[in-house]
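A.B. asks: Can you keep this structure in mind? I'll have questions shortly.
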Amino acid sequence: MPSPKTIGFIGLGTMGLPMARILRKKCVESHLYVYDINVKATEAFVAEEPGRVTACSNPRTVADKAEVVVSMVPAGPHVIDVYLNPDDGVLRANVDGKLLVDCSTIDVASFDQVRARVTESHPNTHFYDAPVSGGSLGAEAGTLTFMVGCSKGDPLWDDLHDLLKCMGTSIFACGGQSLGLTAKLCNNYCSGLIAIATAEAMNIGIRSGMDPTVLASIFATSTAQSRICDKWNPVPGICPEAPSSHDYRGGFKVELMKKDFGLAVDAAKQVGARLCLGDAGLKTYEEASEDPNCVGRDSRVVFRYIGGKEDWSNDSHK
């Protein structure tokens, strides 16, 4: 489909800001209407290209002005407020027939609450869950993976795919409403555990006197291979562009991993899925997110949390 003439974007945080920038870059014929609770963040984004972007004072105004609304906020209560706030939420606007896409990673119950209200008050409006994977680096590069809560047979699938393709490279129809969120929680549960396992395994090797660059190369060609090891290695200096090589700055914050991991553990309980590592993994991220040396850092900071040797390059390895 051609790019919508007007696109609304709500949430200009760590993920939302680079996503909005990519939309502005790719959808050259579209005017963006944006809102963030941080007024300075909104004003700064508008100032980057004032002729293409208009700041709005609340989500309701964004939804009034735009044909399509994309939201990216931290948690379920924020999504509920963005859409259902009785004074200035999205559903207070005239959204009849419009496309609403929430890219936040939240609990399914919160999404279902909003979806039910959308269906009840605006039956011709289309509301989808489309959480993302790829972190802030993927958002900046426009290489995110989107997990969409619909089937490929959905009448708006092509429109959704074209819109999200502006911000990502992999767009998946996950089968039905809220299954995009299910896919995201499963993904983050798995990647969170892989990060802990990689950090622990690398730490064993380093403390045994092994050069971690050799160990990481072995992992890359063996059964321990993973994207975490290859692109986001928890050990500083292994992947030059990874947050771990920059004092764990940027990336996917450990607090967000704690949130997502906790949501995945809760989801498992709700569907009766047995977990062997869930409680241990959740405890790790809970404690790391409260450790002064880890707070606000990329989630692969678990290497620091477990006492990993970050200055390994000062040692001599044979």
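So you can find residues: chains in the structure tokens are A, B, ... in the order shown, residues in each start at 1, and ligands are numbered from 1 in order.
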Can you pull out every residue within 7 Å of range 238-253 of chain A, counting only C-alpha atoms, but drop anything in the same chain fewer than 2 positions away, and send it as a list of chain:residue names?

C.D. replies: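 These residues fall inside the cut-off: A:Gly135, A:Ser136, A:Leu137, A:Thr213, A:Lys231, A:Trp232, A:Asn233, A:Pro234, A:Val235, A:Pro236, A:Glu255, A:Leu256, A:Met257, A:Gly296, A:Arg297, A:Asp298, A:Ser299, A:Arg300, A:Val301.
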
A.B. asks: For all heavy atoms, I'd like the residues from the last selection saved as a compact mmCIF listing (two decimals), in the first residue's frame.

C.D. replies:
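The resulting file, selection_19.txt, is reproduced below:
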```
# COMPACT_ATOMS: atom_id res chain seq x y z
N GLY A 135 16.17 -4.81 19.92
CA GLY A 135 16.77 -3.80 20.78
C GLY A 135 16.92 -2.45 20.11
O GLY A 135 16.50 -2.24 18.96
N SER A 136 17.54 -1.53 20.83
CA SER A 136 17.69 -0.17 20.30
C SER A 136 18.58 -0.12 19.07
O SER A 136 18.38 0.72 18.18
CB SER A 136 18.25 0.75 21.40
OG SER A 136 19.51 0.28 21.85
N LEU A 137 19.55 -1.05 18.99
CA LEU A 137 20.42 -1.07 17.81
C LEU A 137 19.62 -1.46 16.57
O LEU A 137 19.79 -0.89 15.50
CB LEU A 137 21.59 -2.04 18.02
CG LEU A 137 22.55 -1.70 19.17
CD1 LEU A 137 23.66 -2.75 19.26
CD2 LEU A 137 23.15 -0.31 18.97
N THR A 213 38.13 -14.86 23.33
CA THR A 213 37.88 -14.72 21.90
C THR A 213 37.93 -16.09 21.22
O THR A 213 37.18 -16.35 20.28
CB THR A 213 38.90 -13.78 21.24
OG1 THR A 213 40.22 -14.32 21.38
CG2 THR A 213 38.86 -12.40 21.88
N LYS A 231 26.61 -11.75 18.39
CA LYS A 231 26.37 -10.32 18.18
C LYS A 231 26.28 -9.52 19.48
O LYS A 231 26.53 -8.32 19.48
CB LYS A 231 25.06 -10.14 17.39
CG LYS A 231 25.05 -10.81 16.02
CD LYS A 231 26.03 -10.14 15.06
CE LYS A 231 25.90 -10.75 13.67
NZ LYS A 231 26.88 -10.14 12.72
N TRP A 232 25.86 -10.17 20.55
CA TRP A 232 25.61 -9.46 21.80
C TRP A 232 26.39 -10.10 22.96
O TRP A 232 25.90 -10.15 24.08
CB TRP A 232 24.11 -9.49 22.14
CG TRP A 232 23.24 -8.85 21.12
CD1 TRP A 232 22.78 -9.39 19.95
CD2 TRP A 232 22.70 -7.52 21.17
NE1 TRP A 232 21.98 -8.50 19.27
CE2 TRP A 232 21.91 -7.34 20.00
CE3 TRP A 232 22.79 -6.48 22.09
CZ2 TRP A 232 21.24 -6.15 19.74
CZ3 TRP A 232 22.11 -5.31 21.83
CH2 TRP A 232 21.36 -5.15 20.65
N ASN A 233 27.58 -10.57 22.68
CA ASN A 233 28.31 -11.33 23.69
C ASN A 233 28.43 -10.54 25.00
O ASN A 233 28.79 -9.36 25.00
CB ASN A 233 29.71 -11.69 23.18
CG ASN A 233 30.31 -12.84 23.96
OD1 ASN A 233 30.65 -12.69 25.12
ND2 ASN A 233 30.43 -13.99 23.31
N PRO A 234 28.13 -11.18 26.12
CA PRO A 234 28.15 -10.49 27.42
C PRO A 234 29.55 -10.06 27.86
O PRO A 234 29.67 -9.21 28.75
CB PRO A 234 27.58 -11.53 28.39
CG PRO A 234 26.84 -12.51 27.54
CD PRO A 234 27.59 -12.55 26.25
N VAL A 235 30.59 -10.63 27.27
CA VAL A 235 31.95 -10.33 27.68
C VAL A 235 32.48 -9.11 26.92
O VAL A 235 32.47 -9.10 25.68
CB VAL A 235 32.88 -11.54 27.43
CG1 VAL A 235 34.31 -11.21 27.86
CG2 VAL A 235 32.37 -12.76 28.17
N PRO A 236 32.93 -8.09 27.60
CA PRO A 236 33.47 -6.90 26.92
C PRO A 236 34.63 -7.26 25.99
O PRO A 236 35.47 -8.10 26.31
CB PRO A 236 33.98 -6.04 28.08
CG PRO A 236 33.15 -6.46 29.26
CD PRO A 236 32.94 -7.93 29.07
N GLU A 255 16.42 -3.89 33.37
CA GLU A 255 15.11 -3.73 34.00
C GLU A 255 13.99 -4.19 33.08
O GLU A 255 12.97 -4.76 33.53
CB GLU A 255 14.88 -2.27 34.41
CG GLU A 255 15.80 -1.78 35.52
CD GLU A 255 17.13 -1.25 35.01
OE1 GLU A 255 17.42 -1.39 33.79
OE2 GLU A 255 17.87 -0.69 35.82
N LEU A 256 14.17 -3.95 31.77
CA LEU A 256 13.15 -4.39 30.82
C LEU A 256 13.18 -5.90 30.66
O LEU A 256 12.14 -6.54 30.50
CB LEU A 256 13.38 -3.70 29.47
CG LEU A 256 13.12 -2.20 29.44
CD1 LEU A 256 13.44 -1.62 28.08
CD2 LEU A 256 11.68 -1.89 29.83
N MET A 257 14.38 -6.49 30.71
CA MET A 257 14.45 -7.94 30.64
C MET A 257 13.79 -8.56 31.87
O MET A 257 13.09 -9.58 31.77
CB MET A 257 15.90 -8.41 30.52
CG MET A 257 16.05 -9.93 30.45
SD MET A 257 15.14 -10.70 29.06
CE MET A 257 16.34 -10.45 27.74
N GLY A 296 20.32 0.17 34.86
CA GLY A 296 20.29 0.98 33.64
C GLY A 296 21.15 0.48 32.52
O GLY A 296 21.19 1.08 31.45
N ARG A 297 21.84 -0.64 32.73
CA ARG A 297 22.73 -1.18 31.70
C ARG A 297 21.99 -2.22 30.86
O ARG A 297 20.92 -2.71 31.19
CB ARG A 297 23.96 -1.83 32.34
CG ARG A 297 24.82 -0.93 33.21
CD ARG A 297 25.39 0.23 32.41
NE ARG A 297 26.64 0.75 32.93
CZ ARG A 297 26.76 1.67 33.86
NH1 ARG A 297 25.69 2.17 34.44
NH2 ARG A 297 27.95 2.10 34.24
N ASP A 298 22.61 -2.56 29.73
CA ASP A 298 22.09 -3.61 28.86
C ASP A 298 21.97 -4.92 29.65
O ASP A 298 22.78 -5.20 30.54
CB ASP A 298 23.04 -3.80 27.67
CG ASP A 298 22.63 -4.97 26.78
OD1 ASP A 298 21.59 -4.86 26.11
OD2 ASP A 298 23.34 -5.98 26.79
N SER A 299 20.98 -5.72 29.31
CA SER A 299 20.68 -6.92 30.09
C SER A 299 21.81 -7.93 30.10
O SER A 299 21.90 -8.77 31.02
CB SER A 299 19.40 -7.59 29.57
OG SER A 299 19.52 -7.94 28.21
N ARG A 300 22.71 -7.87 29.12
CA ARG A 300 23.86 -8.77 29.14
C ARG A 300 24.86 -8.42 30.24
O ARG A 300 25.86 -9.10 30.44
CB ARG A 300 24.55 -8.79 27.78
CG ARG A 300 24.02 -9.82 26.82
CD ARG A 300 22.56 -9.69 26.41
NE ARG A 300 22.23 -8.44 25.76
CZ ARG A 300 21.20 -8.26 24.93
NH1 ARG A 300 20.40 -9.28 24.66
NH2 ARG A 300 20.95 -7.09 24.40
N VAL A 301 24.52 -7.40 31.03
CA VAL A 301 25.31 -7.03 32.19
C VAL A 301 25.28 -8.13 33.25
O VAL A 301 25.97 -8.03 34.28
CB VAL A 301 24.84 -5.68 32.77
CG1 VAL A 301 23.54 -5.87 33.58
CG2 VAL A 301 25.92 -5.02 33.62
```

A.B. asks: Name the residues in contact with Asp96 in chain A at a cut-off of 9 Å, using only C-alpha atoms, excluding same-chain residues fewer than 4 positions from it; report them as number ranges by chain.

C.D. replies: A: 122-126

A.B. asks: Would you mind listing what lies within 8 Å of Ala288 in chain A as a VMD selection string, with only C-alpha atoms counted and same-chain residues fewer than 6 positions away left out?

C.D. replies: chain A and resid 254 294 to 295 301 to 302 305

A.B. asks: Excluding Asp154 in chain A and its own-chain neighbours fewer than 6 positions away, which residues fall within 10 Å of it when counting only C-alpha atoms? Please give them as a list in words.

C.D. replies: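 Residues near the query, excluding close chain neighbours: Leu160, Ala173, Gly175 and Gly176 of chain A.
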
A.B. asks: Those selected residues, please, written with C-alpha atoms and delivered as a PDB file, in the first residue's frame.

C.D. replies:
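Below is the file selection-v4.pdb, written as the result:
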```pdb
ATOM      1  CA  LEU A 160       0.332  -4.066   8.409  1.00  0.00           C
ATOM      2  CA  ALA A 173       1.995 -13.154  11.375  1.00  0.00           C
ATOM      3  CA  GLY A 175      -1.739 -16.604  14.065  1.00  0.00           C
ATOM      4  CA  GLY A 176      -4.260 -14.510  15.991  1.00  0.00           C
TER       5      GLY A 176
END
```

A.B. asks: Hey, what's within 12 Å of Val82 in chain A if we count only C-alpha atoms and toss same-chain stuff fewer than 4 positions away? As a ChimeraX atom specification, please?

C.D. replies: /A:9-11,35-37,58-63,69-78,86-93,100,102,104,110-111,114

A.B. asks: What residues in range 60-96 of chain A get the DSSP label strand (DSSP E)? Please answer as a list in words.

C.D. replies: Val68, Val69, Val70 and Ser71 of chain A

A.B. asks: For all heavy atoms, I'd like the residues from the last selection saved as a compact mmCIF listing (two decimals), in the first residue's frame.

C.D. replies:
```
# COMPACT_ATOMS: atom_id res chain seq x y z
N VAL A 68 -3.15 6.30 10.88
CA VAL A 68 -2.57 5.12 11.51
C VAL A 68 -1.87 5.57 12.79
O VAL A 68 -1.18 6.60 12.78
CB VAL A 68 -1.55 4.43 10.58
CG1 VAL A 68 -0.83 3.30 11.31
CG2 VAL A 68 -2.23 3.92 9.32
N VAL A 69 -2.06 4.82 13.88
CA VAL A 69 -1.41 5.16 15.15
C VAL A 69 -0.55 3.98 15.60
O VAL A 69 -1.02 2.85 15.69
CB VAL A 69 -2.43 5.49 16.25
CG1 VAL A 69 -1.72 5.74 17.59
CG2 VAL A 69 -3.27 6.70 15.86
N VAL A 70 0.73 4.27 15.86
CA VAL A 70 1.66 3.28 16.39
C VAL A 70 2.06 3.71 17.80
O VAL A 70 2.36 4.89 18.02
CB VAL A 70 2.93 3.17 15.52
CG1 VAL A 70 3.91 2.16 16.11
CG2 VAL A 70 2.57 2.79 14.09
N SER A 71 2.02 2.78 18.75
CA SER A 71 2.43 3.11 20.11
C SER A 71 3.54 2.19 20.57
O SER A 71 3.59 1.01 20.21
CB SER A 71 1.23 3.02 21.07
OG SER A 71 0.58 1.76 20.98
```

A.B. asks: Set the distance at 8 Å and use only C-alpha atoms: which residues neighbour Thr169 in chain A once local chain neighbours fewer than 6 positions away are removed? I'd like the list as a PyMOL selection string.

C.D. replies: chain A and resi 142-145

A.B. asks: When you count only C-alpha atoms, which of these residues is closest to Val108 in chain A: A:Ala268, A:Leu17, A:Leu181, A:Cys229?

C.D. replies: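 Of the candidates, the smallest distance to Val108 in chain A is held by A:Leu181.
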
A.B. asks: How would you write, as a ChimeraX atom specification, the set of residues in range 4-205 of chain A that DSSP gives as helix (DSSP H, G or I)?

C.D. replies: /A:16-26,39-48,59-65,76-84,90-92,108-121,135-141,157-165,179-205
